[in-house]
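These notes concern the structure reproduced below.
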Amino acid sequence: MAVPDSFLKPYDPGATEDRIYSLWEKSGFFDPDDLPERNKNGEPFSIVLPPPNVTGTLHMGHAAMLAIEDIMIRYKRMRGYRTLWLPGTDHAAIATQSKVEKEIVKKEGKNRHDLGREEFLKRVGEFAKNSHDTIVNQVRKMGASVDWSREAFTLDEKRSFAVRTAFKRMYDMGLIYRGNRIVNWDPKGQTTISDDEIVYKEEKTKFYYFKYGPFVIGTARPETKFGDKYVVMHPDDARYAAYKHGQKIDLEWINGPITATVIKDASIDMEFGTGVMTITPWHSAVDFDIAERHKLDKEQIIDTFGKLLPVAGEFAGMKIAEARPKIVEKLRAKGLVEKEEDYVHNIATAERTGGLVEPQIMKQWFVGVNTRFEIPGAKKGSSSKTLKEIMKEAVESGKIKIIPDRFEKIYYHWIDNLRDWCISRQIWYGHRVPVWYRRAEIGDERLDIRDERSETREEVYVGVEAPEGEGWRQDEDTLDTWFSSGLWTFSTLGWPEETEDLKLYHPTDVLETGYDILFFWVARMILMTGCLLGDVPFKTVYLHGLVRDGKGRKMSKSLDNIIDPLDMIKKYGGDATRLSLIIGTGPGNDLKLSEDKVRGYKNFANKLWNITRFVLESAGGEAIDKAFEGYTDADAKLRKARRAFLEEITREMEEFKFYLVGEKLYHYAWHEFADKILEDSKKIFREGDEKAQRSRRQLLLHTLDDILRALHPFMPFVTEEIWRAMDRDQGMLMVQEWPIA
RNA sequence: GCGCGAUUAGCUCAGUUGGUAGAGCAAUCCCUUUACACGGGAAAGGCCGGGGGUUCAAGUCCCUCAUCGCGCACCA
């Protein structure tokens with residue numbers, strides 16, 4: 001076969017990659033239903049793409065994710081599996097809404113309330129659509145062999161149906177309930193957020209000791225103390241043995257005399273402060289629990305805008321920051337301040353808005369993680385479990401393996417601290433809570449008994465579709481975005497319908513994602529799949545790290561150190577970008593990326609290009625002979641070494657050590673094949689006899705053939721392009737066999 | 001506070017069940033030799049964070065300390 005003219009010039013990824021990608025797309029091989037017979041008869045292998053948020057564009061973290069998953073999929077495809085890699089995007093409720101609202105405020109000076117719910121949602125929808133198109137383009141540029149025919153969106157019609165079905169079923173199982181419980185309220189975003197959406201920041205503040213009747217109490221938050229009428233101590237604390245549980249004590253407090261009640265509770269730490277505290281159940285989760293245990297009154301002190309309520313008397317209407325020093329001043333004037341100390345603690349801020357999170361008691365929807373229920377499909381009565389138990393057992397039993405395994409410990413630890421999951425959000429963009437209300441007649445037996453704290457009696461309807469009849473209004477709230485993402489492995493496959501896809505591809509084989517969303521997403525998927533399908537969502541979790549800049553700093557706009565994957569692809573090609581994100585990092589570890597690294601792998605693509613040119617020129621038109629056995633002793637030895645090498649990397653592929661395989665292939669192709677074998681060949685072609693020359697020609701052809709196959713999952717574009725130049729009869733490289741059976 | 005990880009060549013990292021320290025990049029010197037200067041050749045570079053222990057043998061196992069990073073919990 002002749003050497004194509006294109007090989008006389010350096011390899012040009014820019015002129016190649018888009019063309020190759022559209023050839024792949026046209027082949028249909030991304031879709032498991034259109035794969036060659038070998039694959040269609042093979043075992044299914046499935047991955048769902050962690051759906052990128054439609055908040056803008058993809059970053060290097062996404063690019064790394066795409067590279068790793070494409071390696072897995074292409075490898076398995078070549079090994080004959082029936083591979084499905086299912087793409088999609090995430091509406092990312094609060095993230096997208098706040099991004100769009102910020103833009104509208106900036107450009108038009110209007111907020112979402114000025115536009116109204118309908119118009120605002122229309123605008124968010126347009127934004128999401130644009131983001132989606134950008135993202136899809138970027139996914140293509142990375143060479144990702146995803147099945148576009150099955151693309152999904154967490155907020156499209158099918159997924160919405162799945163969400164409503166899931167909500168309804170979990171409600172019927174008793175796992176979803178509505179209640180007045182303490183939640184994390186973000187006054188800036190005007191919504192609840194989950195425990196995992198809190199970012200703790202260190203803050204230096206004052207810690208005050210106040211005289212509270214005969215006691216001294218400590219606090220960092222004087223502004224919550226107005227309503228405190230319970231004073232709590234440990235039952236075993238000898239210092240306060242004289243005071244009995246339930247005892248009333250009259251004392252002078254901020255705004256005059258009050259009557260306090262003594263409560264003995266074992267949760268008090270005798271070592272901390274004075275061992276005595278007053279409680280504010282409305283604004284502290286710990287205090288709330290104490291109040292629940294002893295059935296104490298709860299009173300709201302701070303409103304949803306972070307201002308003090310009338311209970312604060314003269315301080316009512318003030319913001320916390322303004323009121324705090326004034327309150328302390330008043331207490332000091334009354335002689336109630338014992339002392340103050342400098343104090344460092346962590347304050348809770350909202351991840352999205354940066355607002356100071358204020359615990360509040362609110363009527364919200366929750367998923368009960370400690371509620372016992374029957375798992376669907378399991379033998380009756382045999383398996384009453386809690387969601388916590390399900391999540392724990394999925395990993396403990398080995399049904400799910402987390403790579404690297406140290407994250408299993410972190411996962412267990414998180415479950416141990418898990419509280420009921422608040423799923424309702426006071427934002428507009430997202431899945432509307434599928435619940436409808438109307439005023440109920442007194443004594444109506446359809447009253448929701450789980451809603452026991454409700455002040456107004458109302459009928460509650462939970463359903464997949466709106467109820468029949470007059471007077472119903474739907475819940476204004478939307479669901480936490482992770483509620484819909486939690487269904488992702490099966491909602492994308494057609495659930496709740498019992499589709500062929502669901503049977504074939506679920507549980508999925510691998511979930512590959514960043515360790516930073518282990519709790520947000522991975523754990524929630526295990527939870528949702530466990531209770532709705534009685535199964536696990538995936539068998540292996542492969543966690544990648546964060547992509548940082550060359551100095552190990554997080555990439556951010558303010559540091560101006562962002563490396564854009566599209567820039568890198570444009571300058572150095574998709575293959576080079578992929579390799580730079582694979583090599584030099586193991587699972588669970590952060591990756592330091594610099595432009596030099598990407599450049600280096602571009603050179604490697606060109607090296608492959610020139611290796612091919614040499615091999616083809618040397619072959620002088622001779623084709624690869626699959627059954628060739630006439631090797632010289634030296635070549636037979638090289639062939640044997642190559643087989644051993646390929647076996648080694650195949651083993652490592654099975655162990656998810658892609659970083660290692662990528663590096664070894666690089667080394668083998670360049671420093672073994674090119675530097676040694678090719679160089680030696682020159683002498684053989686100059687001086688060797690016919691047998692030696694023929695042996696060497698076949699060795700080169702076979703070695704290059706193996707290298708292209710093995711390297712294809714890592715560098716799909718350049719290997720496919722070379723493959724086309726070498727042999728047009730066999731069809732695409734992407735569906736050829738992996739070099740080792 | 002509890003837990004996890006990292007510490008190996010100038011930099012980024014490998015190092016499988018313990019058995020004489022590896023790769024890439026960078027740096028140094030040489031080479032425009034007909035696959036490739038997006039290249040080739042050569043040489044250089046390491047008390048494997050400190051200390052202790054187990055062992056015939058420790059980068060690897062155990063203990064301890066230090067520095068950096070991360071997660072969780074927060075205490076009123």
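Chain labels A, B, ... are given in the sequence in which chains occur in the structure tokens; within each chain residues are numbered consecutively from 1, and ligands are likewise numbered from 1 in the order shown.
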For the interface of chain A with chain B (cut-off 7 Å, counting only C-alpha atoms (C1' of nucleotides)), please tabulate each contacting residue of chain A alongside its nearest pair of atoms and their separation in Å to one decimal, rows sorted by chain and increasing number, as a tab-separated table.
```
residue	atom	partner	partner_atom	distance
A:Gly218	CA	B:A76	C1'	6.6
A:Thr219	CA	B:A76	C1'	5.9
A:Phe272	CA	B:C75	C1'	6.5
A:Met277	CA	B:A76	C1'	5.4
A:Thr278	CA	B:A76	C1'	6.9
A:Gly584	CA	B:C13	C1'	5.3
A:Asn603	CA	B:C38	C1'	4.4
A:Asn606	CA	B:C38	C1'	6.2
A:Lys607	CA	B:C36	C1'	6.2
A:Asn610	CA	B:A35	C1'	4.9
A:Ile611	CA	B:A35	C1'	5.7
A:Arg613	CA	B:A35	C1'	5.6
A:Phe614	CA	B:A35	C1'	4.2
```
>> Set the distance at 9 Å and use only C-alpha atoms (C1' of nucleotides): which residues neighbour A:Val510 once local chain neighbours fewer than 2 positions away are removed? I'd like the list as number ranges by chain.
In response: A: 45-48, 69, 72, 507-508, 512, 538-542
Those selected residues, please, written with C-alpha atoms and delivered as an mmCIF file, in the first residue's frame.
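Output (result.cif):
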```
data_model
loop_
_atom_site.group_PDB
_atom_site.id
_atom_site.type_symbol
_atom_site.label_atom_id
_atom_site.label_comp_id
_atom_site.auth_asym_id
_atom_site.auth_seq_id
_atom_site.Cartn_x
_atom_site.Cartn_y
_atom_site.Cartn_z
ATOM 1 C CA PHE A 45 -21.792 -2.516 29.310
ATOM 2 C CA SER A 46 -23.344 0.785 30.262
ATOM 3 C CA ILE A 47 -22.353 4.139 31.660
ATOM 4 C CA VAL A 48 -24.572 7.142 32.138
ATOM 5 C CA GLU A 69 -15.460 7.528 30.384
ATOM 6 C CA MET A 72 -13.804 2.844 29.306
ATOM 7 C CA PRO A 507 -27.773 -1.546 36.912
ATOM 8 C CA THR A 508 -25.202 0.382 34.952
ATOM 9 C CA GLU A 512 -17.521 7.848 36.830
ATOM 10 C CA PHE A 538 -24.192 0.863 39.351
ATOM 11 C CA LYS A 539 -21.581 -1.711 40.231
ATOM 12 C CA THR A 540 -18.463 0.397 40.295
ATOM 13 C CA VAL A 541 -17.975 4.012 41.244
ATOM 14 C CA TYR A 542 -14.813 5.533 39.829
#
```
> Which of stretch 168-245 of chain A counts as strand (DSSP E) under DSSP, as an MDAnalysis selection string please?
Replying inline: chainID A and resid 176:186 191:193 198:212 215:219 230:233
>> Using only C-alpha atoms (C1' of nucleotides), which protein or nucleic acid residues come within 6 Å of stretch 54-67 of chain A? Drop anything in the same chain fewer than 4 positions from it, and give the result as a list in words.
In response: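 Contacts, with the query itself left out: His91, Thr96, Ala128, Ser131, His132, Ile135, Val547, Pro565, Arg578 and Leu581 of chain A.
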>> I need the residue nearest A:Ile73 from this list: A:Asp342, A:Asp228, A:Glu389, A:Asp147. Use only C-alpha atoms for the distance.
In response: A:Asp147
> Could you name the residues that touch A:Gly246 at 7 Å or less, counting only C-alpha atoms (C1' of nucleotides), but leaving out those on the same chain fewer than 2 positions away, as a list in words?
Replying inline: Lys244, Lys248, Thr261, Val262 and Ile263 of chain A
Residues of the last selection are to be written out with all heavy atoms, as a PDB file, in the first residue's frame.
```pdb
ATOM      1  N   LYS A 244     -33.680  21.045  89.929  1.00  0.00           N
ATOM      2  CA  LYS A 244     -34.405  19.855  89.468  1.00  0.00           C
ATOM      3  C   LYS A 244     -35.015  20.095  88.086  1.00  0.00           C
ATOM      4  O   LYS A 244     -35.386  21.227  87.746  1.00  0.00           O
ATOM      5  CB  LYS A 244     -35.547  19.529  90.458  1.00  0.00           C
ATOM      6  CG  LYS A 244     -35.061  19.276  91.871  1.00  0.00           C
ATOM      7  CD  LYS A 244     -34.270  17.966  91.987  1.00  0.00           C
ATOM      8  CE  LYS A 244     -33.649  17.831  93.369  1.00  0.00           C
ATOM      9  NZ  LYS A 244     -32.198  17.616  93.350  1.00  0.00           N
ATOM     10  N   LYS A 248     -39.007  25.891  88.080  1.00  0.00           N
ATOM     11  CA  LYS A 248     -39.180  27.236  87.502  1.00  0.00           C
ATOM     12  C   LYS A 248     -38.322  28.234  88.254  1.00  0.00           C
ATOM     13  O   LYS A 248     -38.232  28.170  89.489  1.00  0.00           O
ATOM     14  CB  LYS A 248     -40.646  27.687  87.610  1.00  0.00           C
ATOM     15  CG  LYS A 248     -41.648  26.685  87.049  1.00  0.00           C
ATOM     16  CD  LYS A 248     -41.860  26.893  85.570  1.00  0.00           C
ATOM     17  CE  LYS A 248     -42.941  25.934  85.071  1.00  0.00           C
ATOM     18  NZ  LYS A 248     -42.906  25.734  83.632  1.00  0.00           N
ATOM     19  N   THR A 261     -37.380  27.656  82.828  1.00  0.00           N
ATOM     20  CA  THR A 261     -37.606  26.291  83.296  1.00  0.00           C
ATOM     21  C   THR A 261     -36.315  25.496  83.159  1.00  0.00           C
ATOM     22  O   THR A 261     -35.655  25.564  82.124  1.00  0.00           O
ATOM     23  CB  THR A 261     -38.710  25.619  82.458  1.00  0.00           C
ATOM     24  OG1 THR A 261     -39.872  26.458  82.491  1.00  0.00           O
ATOM     25  CG2 THR A 261     -39.039  24.236  83.005  1.00  0.00           C
ATOM     26  N   VAL A 262     -35.978  24.742  84.176  1.00  0.00           N
ATOM     27  CA  VAL A 262     -34.758  23.930  84.149  1.00  0.00           C
ATOM     28  C   VAL A 262     -35.036  22.627  83.400  1.00  0.00           C
ATOM     29  O   VAL A 262     -36.033  21.959  83.652  1.00  0.00           O
ATOM     30  CB  VAL A 262     -34.279  23.612  85.576  1.00  0.00           C
ATOM     31  CG1 VAL A 262     -33.101  22.635  85.541  1.00  0.00           C
ATOM     32  CG2 VAL A 262     -33.904  24.894  86.309  1.00  0.00           C
ATOM     33  N   ILE A 263     -34.149  22.313  82.465  1.00  0.00           N
ATOM     34  CA  ILE A 263     -34.259  21.060  81.711  1.00  0.00           C
ATOM     35  C   ILE A 263     -32.948  20.301  81.874  1.00  0.00           C
ATOM     36  O   ILE A 263     -31.858  20.870  81.757  1.00  0.00           O
ATOM     37  CB  ILE A 263     -34.507  21.338  80.209  1.00  0.00           C
ATOM     38  CG1 ILE A 263     -35.812  22.104  79.992  1.00  0.00           C
ATOM     39  CG2 ILE A 263     -34.492  20.029  79.398  1.00  0.00           C
ATOM     40  CD1 ILE A 263     -37.067  21.350  80.358  1.00  0.00           C
TER      41      ILE A 263
END
```
> atom CA of A:Tyr412 and atom CA of A:Lys392 are how many Å apart?
Replying inline: 6.5 Å
>> Quick one: residues within 7 Å of stretch 708-725 of chain A, only C-alpha atoms (C1' of nucleotides), excluding same-chain residues fewer than 3 positions away - as a ChimeraX atom specification?
In response: /A:4,17,20,70-71,74-75,575,579,605,662,665,704-705,728,733,738-739
Limited to C-alpha atoms, could you put the picked residues into a file as a PDB file, in the first residue's frame?
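Wrote it out as result.pdb, contents follow:
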```pdb
ATOM      1  CA  PRO A   4      -0.789   8.744   1.429  1.00  0.00           C
ATOM      2  CA  GLU A  17     -10.929  15.566  14.277  1.00  0.00           C
ATOM      3  CA  ILE A  20     -13.520  11.751  12.050  1.00  0.00           C
ATOM      4  CA  ASP A  70     -14.748   7.433  26.683  1.00  0.00           C
ATOM      5  CA  ILE A  71     -11.674   5.327  27.382  1.00  0.00           C
ATOM      6  CA  ARG A  74     -14.164   2.456  23.683  1.00  0.00           C
ATOM      7  CA  TYR A  75     -12.140  -0.224  25.430  1.00  0.00           C
ATOM      8  CA  ASP A 575      -6.319  13.593  21.529  1.00  0.00           C
ATOM      9  CA  LEU A 579      -4.013  12.351  27.246  1.00  0.00           C
ATOM     10  CA  ALA A 605       0.246  12.375  17.997  1.00  0.00           C
ATOM     11  CA  GLY A 662      -1.761   5.631  28.867  1.00  0.00           C
ATOM     12  CA  LEU A 665       1.560   2.993  25.695  1.00  0.00           C
ATOM     13  CA  LEU A 704       1.766  -0.665  14.583  1.00  0.00           C
ATOM     14  CA  ASP A 705      -1.554  -2.446  14.231  1.00  0.00           C
ATOM     15  CA  ARG A 728      -9.783   0.732   4.210  1.00  0.00           C
ATOM     16  CA  LEU A 733     -10.939   1.144  14.175  1.00  0.00           C
ATOM     17  CA  TRP A 738      -8.717  -5.125  21.242  1.00  0.00           C
ATOM     18  CA  PRO A 739      -5.253  -6.608  20.530  1.00  0.00           C
TER      19      PRO A 739
END
```
